[in-house]
file coords-v8.cif (mmCIF, C-alpha atoms)
data_structure
#
loop_
_atom_site.label_atom_id
_atom_site.label_comp_id
_atom_site.auth_asym_id
_atom_site.auth_seq_id
_atom_site.Cartn_x
_atom_site.Cartn_y
_atom_site.Cartn_z
CA MET A 1 30.74 11.84 -18.28
CA GLU A 2 28.53 11.06 -15.32
CA SER A 3 26.83 7.73 -15.27
CA VAL A 4 23.65 8.50 -13.38
CA MET A 5 20.50 7.66 -15.26
CA LEU A 6 16.98 8.18 -14.16
CA ASN A 7 16.09 4.51 -14.24
CA GLU A 8 18.73 3.73 -11.63
CA VAL A 9 16.54 5.41 -9.08
CA THR A 10 13.27 3.63 -9.55
CA THR A 11 11.88 4.06 -6.06
CA THR A 12 12.15 6.79 -3.49
CA LEU A 13 10.88 7.09 0.06
CA PRO A 14 7.87 9.37 0.50
CA HIS A 15 8.77 12.72 2.06
CA GLU A 16 7.20 11.98 5.47
CA GLU A 17 8.89 8.58 5.75
CA ARG A 18 12.23 10.16 4.90
CA ASP A 19 11.66 12.75 7.62
CA LYS A 20 11.10 10.00 10.20
CA LEU A 21 14.13 8.04 9.00
CA PHE A 22 16.36 11.12 9.11
CA GLU A 23 15.18 12.00 12.59
CA ALA A 24 15.89 8.51 13.93
CA LEU A 25 19.31 8.40 12.26
CA TYR A 26 20.24 11.86 13.52
CA LEU A 27 19.63 10.70 17.08
CA THR A 28 21.56 7.43 16.79
CA ALA A 29 24.14 7.87 14.01
CA PHE A 30 25.04 11.54 14.07
CA PRO A 31 26.92 11.36 17.41
CA VAL A 32 29.03 8.50 15.98
CA VAL A 33 29.80 10.47 12.82
CA ALA A 34 30.52 13.65 14.80
CA ARG A 35 33.10 11.75 16.92
CA PHE A 36 34.83 10.52 13.77
CA VAL A 37 34.91 14.01 12.22
CA ARG A 38 36.23 15.48 15.49
CA LYS A 39 38.97 12.84 15.52
CA MET A 40 39.95 13.96 12.02
CA ASN A 41 40.13 17.58 13.26
CA GLY A 42 36.98 18.55 11.41
CA SER A 43 34.36 21.05 12.59
CA LEU A 44 30.69 20.66 13.50
CA ASP A 45 29.87 22.16 10.09
CA ASP A 46 32.00 19.48 8.42
CA ALA A 47 30.23 16.80 10.45
CA SER A 48 26.79 18.16 9.54
CA ASP A 49 27.64 18.52 5.86
CA LEU A 50 29.11 15.02 5.57
CA PHE A 51 26.31 13.44 7.60
CA GLN A 52 23.67 15.03 5.36
CA ASP A 53 25.48 13.75 2.27
CA ALA A 54 25.72 10.31 3.89
CA LEU A 55 21.96 10.32 4.53
CA VAL A 56 21.29 11.16 0.86
CA ILE A 57 23.49 8.27 -0.28
CA TYR A 58 22.02 5.91 2.34
CA CYS A 59 18.49 6.71 1.10
CA GLU A 60 19.48 5.93 -2.47
CA LYS A 61 20.98 2.64 -1.39
CA ILE A 62 18.13 1.36 0.75
CA THR A 63 15.56 2.06 -1.95
CA ASN A 64 17.49 -0.13 -4.37
CA PRO A 65 15.81 -3.56 -4.25
CA ASP A 66 19.17 -5.32 -4.77
CA PHE A 67 20.73 -3.70 -1.73
CA SER A 68 21.22 -5.41 1.62
CA ILE A 69 23.41 -4.61 4.61
CA HIS A 70 24.56 -6.91 7.36
CA VAL A 71 25.57 -4.25 9.84
CA SER A 72 23.63 -1.58 11.71
CA PRO A 73 22.56 1.54 9.76
CA GLU A 74 24.78 3.56 12.13
CA ALA A 75 27.88 1.53 11.21
CA TYR A 76 27.01 1.75 7.53
CA ILE A 77 26.48 5.51 7.62
CA LEU A 78 29.80 5.93 9.43
CA GLY A 79 31.38 3.93 6.60
CA ILE A 80 29.82 6.21 3.97
CA THR A 81 31.02 9.26 5.91
CA LYS A 82 34.59 7.96 5.98
CA HIS A 83 34.54 7.56 2.20
CA LEU A 84 33.14 11.06 1.76
CA TRP A 85 35.77 12.46 4.11
CA MET A 86 38.51 10.85 2.03
CA ARG A 87 37.06 12.23 -1.19
CA LYS A 88 36.51 15.69 0.11
CA TYR A 89 39.33 16.47 2.49
CA THR A 90 42.27 14.18 2.21
CA GLN A 91 44.61 13.15 -0.52
CA ASP A 92 46.31 10.76 1.89
CA HIS A 93 43.84 7.92 2.40
CA ARG A 94 46.07 6.31 5.02
CA ASN A 95 44.70 8.77 7.55
CA VAL A 96 41.36 6.99 7.62
CA SER A 97 41.13 3.38 8.67
CA LEU A 98 38.40 1.29 7.05
CA ASP A 99 37.34 -2.17 8.14
CA SER A 100 36.39 -4.70 5.45
CA MET A 101 32.70 -3.79 5.54
CA GLU A 102 33.51 -0.11 5.20
CA ALA A 103 35.99 -0.75 2.40
CA SER A 104 33.28 -2.54 0.42
CA ILE A 105 30.90 0.45 0.41
CA MET A 106 30.59 2.02 -3.03
CA ILE A 107 29.90 5.75 -3.24
CA PRO A 108 28.36 7.00 -6.52
CA ASN A 109 31.22 8.33 -8.67
CA ASP A 110 29.24 11.42 -9.53
CA TYR A 111 28.26 12.30 -5.97
CA TYR A 112 30.46 15.36 -6.19
CA PRO A 113 29.54 16.37 -9.74
CA GLU A 114 31.63 18.08 -12.36
CA ILE A 115 31.67 21.88 -12.26
CA ASN A 116 29.82 22.02 -15.55
CA SER A 117 26.91 20.05 -14.07
CA LEU A 118 26.83 22.18 -10.93
CA GLN A 119 26.70 25.39 -12.95
CA LEU A 120 23.91 24.00 -15.08
CA LEU A 121 22.04 22.80 -12.02
CA ASN A 122 22.29 26.20 -10.35
CA LEU A 123 21.07 27.88 -13.52
CA LEU A 124 18.13 25.49 -13.90
CA ALA A 125 17.24 25.69 -10.20
CA SER A 126 16.67 29.41 -10.67
CA THR A 127 15.56 30.08 -14.24
CA GLY A 128 13.96 26.70 -14.89
CA LYS A 129 12.63 26.02 -11.40
CA LYS A 130 9.02 25.40 -12.39
CA CYS A 131 10.03 22.76 -14.92
CA MET A 132 12.58 21.17 -12.58
CA ASP A 133 9.95 20.93 -9.84
CA LEU A 134 7.36 19.49 -12.21
CA LEU A 135 9.78 16.84 -13.48
CA HIS A 136 11.03 16.12 -9.97
CA ALA A 137 7.45 15.58 -8.77
CA PHE A 138 6.78 13.24 -11.67
CA TYR A 139 9.96 11.15 -11.57
CA TYR A 140 10.98 11.24 -7.92
CA GLU A 141 7.83 11.82 -5.93
CA LYS A 142 6.01 9.43 -8.28
CA ILE A 143 3.01 11.71 -8.42
CA SER A 144 0.34 10.62 -10.87
CA MET A 145 -0.44 12.84 -13.86
CA LYS A 146 -3.85 13.57 -12.33
CA VAL A 147 -2.42 14.87 -9.03
CA LEU A 148 0.39 16.60 -10.91
CA ALA A 149 -2.14 18.42 -13.10
CA GLY A 150 -3.89 19.71 -9.97
CA ARG A 151 -0.71 20.76 -8.22
CA PHE A 152 0.73 22.62 -11.18
CA GLY A 153 -2.57 24.07 -12.36
CA PHE A 154 -3.27 22.11 -15.55
CA VAL A 155 -6.84 21.49 -16.58
CA THR A 156 -6.35 17.93 -17.81
CA GLU A 157 -3.92 15.05 -17.36
CA ARG A 158 -3.24 15.33 -21.07
CA SER A 159 -2.04 18.92 -20.76
CA ALA A 160 0.16 17.91 -17.80
CA THR A 161 1.72 15.18 -19.96
CA VAL A 162 2.37 17.63 -22.78
CA GLN A 163 3.89 20.07 -20.29
CA LYS A 164 6.16 17.34 -18.92
CA TYR A 165 7.65 16.80 -22.39
CA LYS A 166 7.83 20.53 -23.03
CA CYS A 167 9.81 20.87 -19.81
CA ILE A 168 12.23 18.14 -20.85
CA GLU A 169 12.64 19.93 -24.17
CA LYS A 170 13.28 23.27 -22.47
CA ILE A 171 15.91 21.84 -20.13
CA ARG A 172 17.46 19.79 -22.91
CA ASP A 173 17.83 22.94 -25.01
CA THR A 174 19.45 24.77 -22.09
CA VAL A 175 21.87 21.87 -21.72
CA LYS A 176 22.72 22.10 -25.43
CA GLU A 177 23.08 25.86 -25.33
CA LYS A 178 25.30 25.89 -22.25
CA SER A 179 27.51 23.00 -23.20
CA ILE A 180 30.80 24.30 -24.50
CA ALA A 181 31.06 21.50 -26.97
CA TYR A 182 29.19 18.46 -28.12
CA GLU A 183 31.98 16.37 -26.55
CA ASP A 184 31.06 17.77 -23.12
CA PHE A 185 28.37 15.25 -22.64
CA ILE A 186 29.25 12.49 -25.02
CA GLU A 187 30.77 9.44 -23.35
CA MET B 188 1.49 16.36 -29.53
CA ARG B 189 3.89 18.04 -31.94
CA THR B 190 6.64 15.99 -33.56
CA SER B 191 9.49 17.31 -31.44
CA LEU B 192 7.62 16.31 -28.27
CA ASN B 193 6.89 12.87 -29.68
CA ASP B 194 10.63 12.54 -30.34
CA ILE B 195 11.29 13.41 -26.69
CA ALA B 196 8.79 10.80 -25.51
CA ARG B 197 10.44 8.20 -27.76
CA THR B 198 13.92 9.20 -26.59
CA GLU B 199 12.80 8.80 -22.98
CA LYS B 200 11.58 5.29 -23.72
CA TYR B 201 14.86 4.51 -25.48
CA LEU B 202 16.98 5.78 -22.58
CA ARG B 203 14.89 3.83 -20.08
CA ASP B 204 15.11 0.74 -22.29
CA GLN B 205 11.35 0.63 -22.77
CA LEU B 206 11.18 0.54 -26.57
CA PRO B 207 10.10 -2.73 -28.22
CA PRO B 208 13.14 -4.43 -29.90
CA GLU B 209 12.19 -3.46 -33.46
CA GLU B 210 11.57 0.19 -32.51
CA LYS B 211 14.85 0.26 -30.60
CA LEU B 212 16.72 -1.00 -33.67
CA LEU B 213 15.03 1.60 -35.84
CA PHE B 214 15.85 4.34 -33.34
CA GLU B 215 19.51 3.32 -33.21
CA ALA B 216 19.64 3.26 -37.01
CA GLN B 217 18.22 6.78 -37.09
CA MET B 218 20.82 7.90 -34.58
CA LEU B 219 23.59 6.57 -36.80
CA THR B 220 22.47 8.77 -39.66
CA SER B 221 21.36 11.84 -37.70
CA PRO B 222 23.93 13.84 -35.74
CA LEU B 223 21.11 16.09 -34.49
CA LEU B 224 19.23 13.12 -33.03
CA ARG B 225 22.45 11.86 -31.39
CA TRP B 226 23.01 15.27 -29.89
CA ASN B 227 19.42 15.48 -28.65
CA VAL B 228 19.59 12.02 -27.09
CA ALA B 229 22.87 12.85 -25.31
CA ALA B 230 21.45 16.14 -24.04
CA GLN B 231 18.23 14.47 -22.86
CA LYS B 232 20.32 11.91 -20.98
CA LYS B 233 22.02 14.82 -19.28
CA VAL B 234 18.58 16.21 -18.31
CA TYR B 235 17.90 13.04 -16.29
CA THR B 236 21.34 13.26 -14.69
CA LEU B 237 20.59 16.85 -13.67
CA LEU B 238 17.25 15.76 -12.24
CA THR B 239 19.03 13.16 -10.11
CA LEU B 240 21.37 15.88 -8.83
CA TYR B 241 18.35 18.12 -8.19
CA HIS B 242 16.71 15.33 -6.22
CA ARG B 243 19.87 14.85 -4.14
CA ARG B 244 19.99 18.57 -3.44
CA LYS B 245 16.36 18.54 -2.25
CA THR B 246 16.98 15.45 -0.10
CA LYS B 247 19.99 17.12 1.50
CA GLU B 248 17.89 20.22 2.23
CA GLN B 249 15.38 17.95 3.94
CA ALA B 250 18.17 16.50 6.11
CA GLN B 251 19.35 20.03 6.97
CA ASN B 252 15.83 20.94 8.06
CA VAL B 253 15.60 17.84 10.28
CA GLN B 254 18.92 18.74 11.94
CA GLN B 255 17.79 22.31 12.52
CA LYS B 256 14.52 21.12 14.06
CA LEU B 257 16.23 18.59 16.36
CA PHE B 258 18.78 21.17 17.53
CA GLN B 259 15.92 23.47 18.54
CA GLU B 260 13.74 20.94 20.38
CA SER B 261 14.17 20.92 24.15
CA GLN B 262 13.62 17.16 24.49
CA HIS B 263 16.81 16.63 22.46
CA ALA B 264 18.94 19.06 24.48
CA ALA B 265 21.12 16.27 25.96
CA TRP B 266 21.75 14.82 22.53
CA LYS B 267 22.66 18.26 21.16
CA GLU B 268 24.96 18.87 24.13
CA GLN B 269 26.71 15.53 23.52
CA ILE B 270 27.51 16.67 19.97
CA THR B 271 28.44 20.29 20.57
CA GLN B 272 30.72 19.30 23.48
CA LEU B 273 32.84 17.32 21.01
CA PHE B 274 33.77 20.46 19.14
CA LYS B 275 34.56 22.70 22.11
#

call {"tool": "encode", "arguments": {"input": "coords-v8.cif", "output": "structure tokens"}}
result
Amino acid sequence: MESVMLNEVTTTLPHEERDKLFEALYLTAFPVVARFVRKMNGSLDDASDLFQDALVIYCEKITNPDFSIHVSPEAYILGITKHLWMRKYTQDHRNVSLDSMEASIMIPNDYYPEINSLQLLNLLASTGKKCMDLLHAFYYEKISMKVLAGRFGFVTERSATVQKYKCIEKIRDTVKEKSIAYEDFIE
Amino acid sequence: MRTSLNDIARTEKYLRDQLPPEEKLLFEAQMLTSPLLRWNVAAQKKVYTLLTLYHRRKTKEQAQNVQQKLFQESQHAAWKEQITQLFK
């Protein structure tokens, strides 16, 4: 059972700010990460994939009010990348050397989700896209009900609120329908 | 709002720990006696997990777009060269 809950991510960077952050980090941190991946005999595609995952995790971490780092973002992102490399490509962790700061970095256990979740996510991203986008806008972009109503074409805030709950219900019912057994998502 | 939607709103508050103590106790008591409610709560929890994964997927797409843009911009040609040279 995955442990992620919505309330763990209480703040997110606005889209434009994230763009600026990503751009700056690409210019400074990506060369460092690419050198590491090359050293491990990885490809440019591997480096890009891991770096993008590292940026996602870094964003989650820096928006957590309890989080602080005492090294440069570049060093921290390299540390995240090393962890992701170990998870994704090697069974033998001795291949990657971690200093004490790097060893202390925690990667979310569910970052590479179970197959069941991925299948569900792919299904919902296609057949339930409108609801997923509405809920994403509400919970992650922190868009007010008023703006949300305008964006998704609802006449009133009230009808947007009702639609939000209808969307949760629709996705919940898909989850129930597609889960092989009740035990699938019971801790 | 119809009852099933009110239940969803209440379940959301429960999962986010936003129910007043007495309502939380009542909700947990109802869960003990209702397998359907337990199932619905577990499935709704999974909805939020899926939304987190959806958010990560969108964030990663944003990073991919930034990389694509930087690789195409002439002012970053030296930076791009520095990276691509590594893999030649």

call {"tool": "atom_distance", "arguments": {"input": "coords-v8.cif", "atom1": "CA of Glu102 in chain A", "atom2": "CA of Lys39 in chain A"}}
result
17.4 Å

call {"tool": "resolve_selection", "arguments": {"input": "coords-v8.cif", "expression": "the PyMOL selection byres ((chain B) within 7 of (chain A))", "output": "list in words"}}
result
Met188, Leu192, Ile195, Ala196, Arg203, Ala229, Ala230, Gln231, Val234, Tyr235, Thr236, Leu237, Leu238, Thr239, His242, Arg243, Thr246, Lys247, Ala250, Gln251, Val253, Ile270, Leu273 and Phe274 of chain B

call {"tool": "resolve_selection", "arguments": {"input": "coords-v8.cif", "expression": "the PyMOL selection byres ((chain A and resi 61) around 12)", "output": "list in words"}}
result
Glu8, Val9, Thr10, Thr11, Thr12, Leu13, Ala54, Leu55, Val56, Ile57, Tyr58, Cys59, Glu60, Ile62, Thr63, Asn64, Pro65, Asp66, Phe67, Ser68, Ile69, Pro73, Tyr76, Ile77, Ile80, Ile105, Met106, Ile107 and Pro108 of chain A

call {"tool": "closest_residue", "arguments": {"input": "coords-v8.cif", "among": "B:Glu268, B:Asp204, B:Glu260, B:Glu199", "to": "Val228 in chain B", "atoms": "all atoms listed in the file"}}
result
B:Glu199

call {"tool": "atom_distance", "arguments": {"input": "coords-v8.cif", "atom1": "CA of Asn227 in chain B", "atom2": "CA of Phe214 in chain B"}}
result
12.6 Å

call {"tool": "atom_distance", "arguments": {"input": "coords-v8.cif", "atom1": "CA of Ala29 in chain A", "atom2": "CA of Gln259 in chain B"}}
result
18.2 Å

call {"tool": "closest_residue", "arguments": {"input": "coords-v8.cif", "among": "B:Thr271, B:Leu202, B:Lys245, B:Pro207", "to": "Phe258 in chain B", "atoms": "all atoms listed in the file"}}
result
B:Thr271

call {"tool": "closest_residue", "arguments": {"input": "coords-v8.cif", "among": "B:Tyr241, B:Ser261, B:Gln269, B:Glu248", "to": "Cys131 in chain A", "atoms": "all atoms listed in the file"}}
result
B:Tyr241

call {"tool": "resolve_selection", "arguments": {"input": "coords-v8.cif", "expression": "the PyMOL selection byres ((chain A and resi 149) around 12)", "output": "MDAnalysis selection string"}}
result
chainID A and resid 134 137:138 143:148 150:164
